[in-house]
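Presented below is the structure to which this report refers.
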Protein chains: 2
Amino acid sequence: MSDTYANLLDLAESESCARGFTAVSYGDLATLAGIRKASIHHHFPAKASLGLALVDRYADRLAGELAELSERSRSGGDALRAYLARCRNDLRDGTAVSLLAAMIADAANLPEEMRGQVTRLRELVVRWLGDVLQRGRQDRSISVSGGPREEGLAVFVQLLGAQLAARAARDPSLFDAASATISARIFRS
Amino acid sequence: MSDTYANLLDLAESESCARGFTAVSYGDLATLAGIRKASIHHHFPAKASLGLALVDRYADRLAGELAELSERSRSGGDALRAYLARCRNDLRDGTAVSLLAAMIADAANLPEEMRGQVTRLRELVVRWLGDVLQRGRQDRSISVSGGPREEGLAVFVQLLGAQLAARAARDPSLFDAASATISARIFRS
DNA sequence: GTCTATAATGAGATAGAC
DNA sequence: GTCTATCTCATTATAGAC
């Protein structure tokens, strides 16, 4: 794994969060990386292989980060708060969303294999959110009316929509307004 | 009524709901309409003009439909239920979303003028949802904890996320699962 | 690993005949 | 209004030199 390889993945991720994987071209990446676009084919023969490498790397990182986030949090409420902050942070100045949100928005134009990975990633996050809500209910930091699984999915899609609406308006504060009810509805204390 | 013009808009709308406006080409539309792509330029000289006509026509139709939906509903709860059914119906077999959702997902790649129209459309719907929640609170068909405006925005982005997640998975039932908490949380009776 | 050069395709768009 | 023909440009991708 050369520097260029990882650097190309970094650039592809950043650009995909801003405009979607489909809109990112080898020409864009070549310019950003300071090499020629033909050179990118040495690392990623086809664009689908770049996409797969991108989502696979992200899946590993996300699973690790969520696990770490659970461990570090002293309550389910803390973990959920940290996840909210993470989503908010991915918005940058309102020109981007998290990679998972970007891929869900763009899924209809993604290679089939990539779309399957996106579904698995969504299920991973929804499951994690359900666990966090369950934990928060037990430690009394969270109050949800429905079952943790369906509430986890509800939180996920609300944050997904909030991120995409904020990017569309290029206004990160829209995310805050659109996700405020999660805090208001769920957190105790 | 004129034939090709309206037909092209219909086809562009249908394809945009499935794959996003950016992914729809003159070549696609020409094949679907049974004409040559050069002929499309007679009706829409540039693709941006097609996009503008598309979103403008949708804005008119949506405003009318929402107003009619308010009038026909006997309570705020009924109006919200009808809106939920409308979103669900736009999913078709899980391969599409409502045009507004599709444009928000694709906004980063849309012509600037189109993006402005998308923002105005989003504000229109969020305002309508806020009014409906307010009305439902007064007629006691709806129970919301927060203010109608922020709850309206929350409902909007949850439905936005639910639609896009369902399209990504090509599974319309995912929309049902992801929007179930709206009914559970809000409706009285 | 990166380069130049070059397909091969498909996109949006224009000119002008009918 | 629709056609053929053509243009320009961007895209993914390959071959082969260095």
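So you can find residues: chains in the structure tokens are A, B, ... in the order shown, residues in each start at 1, and ligands are numbered from 1 in order.
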
Could you produce a table of the residues of chain D lying within 8 Å of chain A, with the nearest pair of atoms per residue and their separation in Å rounded to one decimal, using only C-alpha atoms (C1' of nucleotides), ordered by chain and increasing residue number, as JSON lines?
{"residue": "D:DT11", "atom": "C1'", "partner": "A:Ser25", "partner_atom": "CA", "distance": 7.5}
{"residue": "D:DT12", "atom": "C1'", "partner": "A:Ala46", "partner_atom": "CA", "distance": 7.7}
{"residue": "D:DA13", "atom": "C1'", "partner": "A:Ala46", "partner_atom": "CA", "distance": 7.7}

**Message:** I want to know what sits within 12 Å of D:DT4, based on only C-alpha atoms (C1' of nucleotides), with residues of the same chain fewer than 4 positions away left out; could you give that as a PyMOL selection string?
**Reply:** (chain B and resi 36-39) or (chain C and resi 15-18)

Wanna dump the chain C-chain B contacts at 10 Å for me, each residue with its shortest atom pair and the distance in Å to one decimal, counting only C-alpha atoms (C1' of nucleotides), ordered by chain and number, as a tab-separated table?
residue	atom	partner	partner_atom	distance
C:DG10	C1'	B:Gly27	CA	9.0
C:DA11	C1'	B:Ser25	CA	7.5
C:DG12	C1'	B:Lys47	CA	7.5
C:DA13	C1'	B:Ala46	CA	7.6
C:DT14	C1'	B:Ala38	CA	9.2

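Considering only C-alpha atoms, the residue among A:Phe44, A:Tyr5, A:Tyr58, A:Phe21 positioned nearest to chain B is A:Phe21.
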
**Request:** Could you jot down the atom CA of A:Thr4 to atom CA of A:His42 separation for me, Å, one decimal place?
**Result:** 10.4 Å

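The nearest approach to chain B among the residues A:Thr22, A:Ser141, A:Ser173, A:Ser75, with only C-alpha atoms taken into account, belongs to A:Thr22.
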
**Distance criterion (only C-alpha atoms): nearest to chain B out of A:Leu69, A:Leu174, A:Leu11, A:Ala107** = A:Ala107

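Near chain A, the residues of chain B that fall inside 7 Å (using only C-alpha atoms) are Arg19, Ile104, Ala105, Ala107, Ala108, Asn109, Thr119, Glu150, Glu151, Leu153, Ala154, Val157, Gln158, Leu160, Gly161, Ala162, Leu164, Ala165, Ala168, Ala169, Ala177, Ala178, Ser179 and Thr181 of chain B.
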
**Item:** Expected answer as a PyMOL selection string: helix (DSSP H, G or I) residues in chain B
**Value:** chain B and resi 3-19+21-23+26-33+37-43+47-72+76-90+99-105+107-109+112-138+148-169+173-186

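When atom CA of A:Leu99 is paired with atom CA of B:Tyr83, their separation reads 29.4 Å.
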
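For the pair atom CA of A:Arg188 and atom CA of A:Arg140, the interatomic distance is 7.4 Å.
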
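With only C-alpha atoms (C1' of nucleotides) as the basis for measurement, A:Gly34 is the residue among A:Cys87, A:Gly34, A:Leu9, A:Asp28 that approaches C:DT2 most closely.
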
**Request:** Skip B:Asp131 itself and residues of its chain fewer than 3 positions away, then list as a ChimeraX atom specification all residues within 9 Å of it, counting only C-alpha atoms (C1' of nucleotides).
**Result:** /B:76,126-128,134-136,148-149,152

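With distances restricted to only C-alpha atoms, B:Leu8 is the closest residue to B:Leu29 from B:Leu8, B:Ser14, B:Pro111, B:Ala48.
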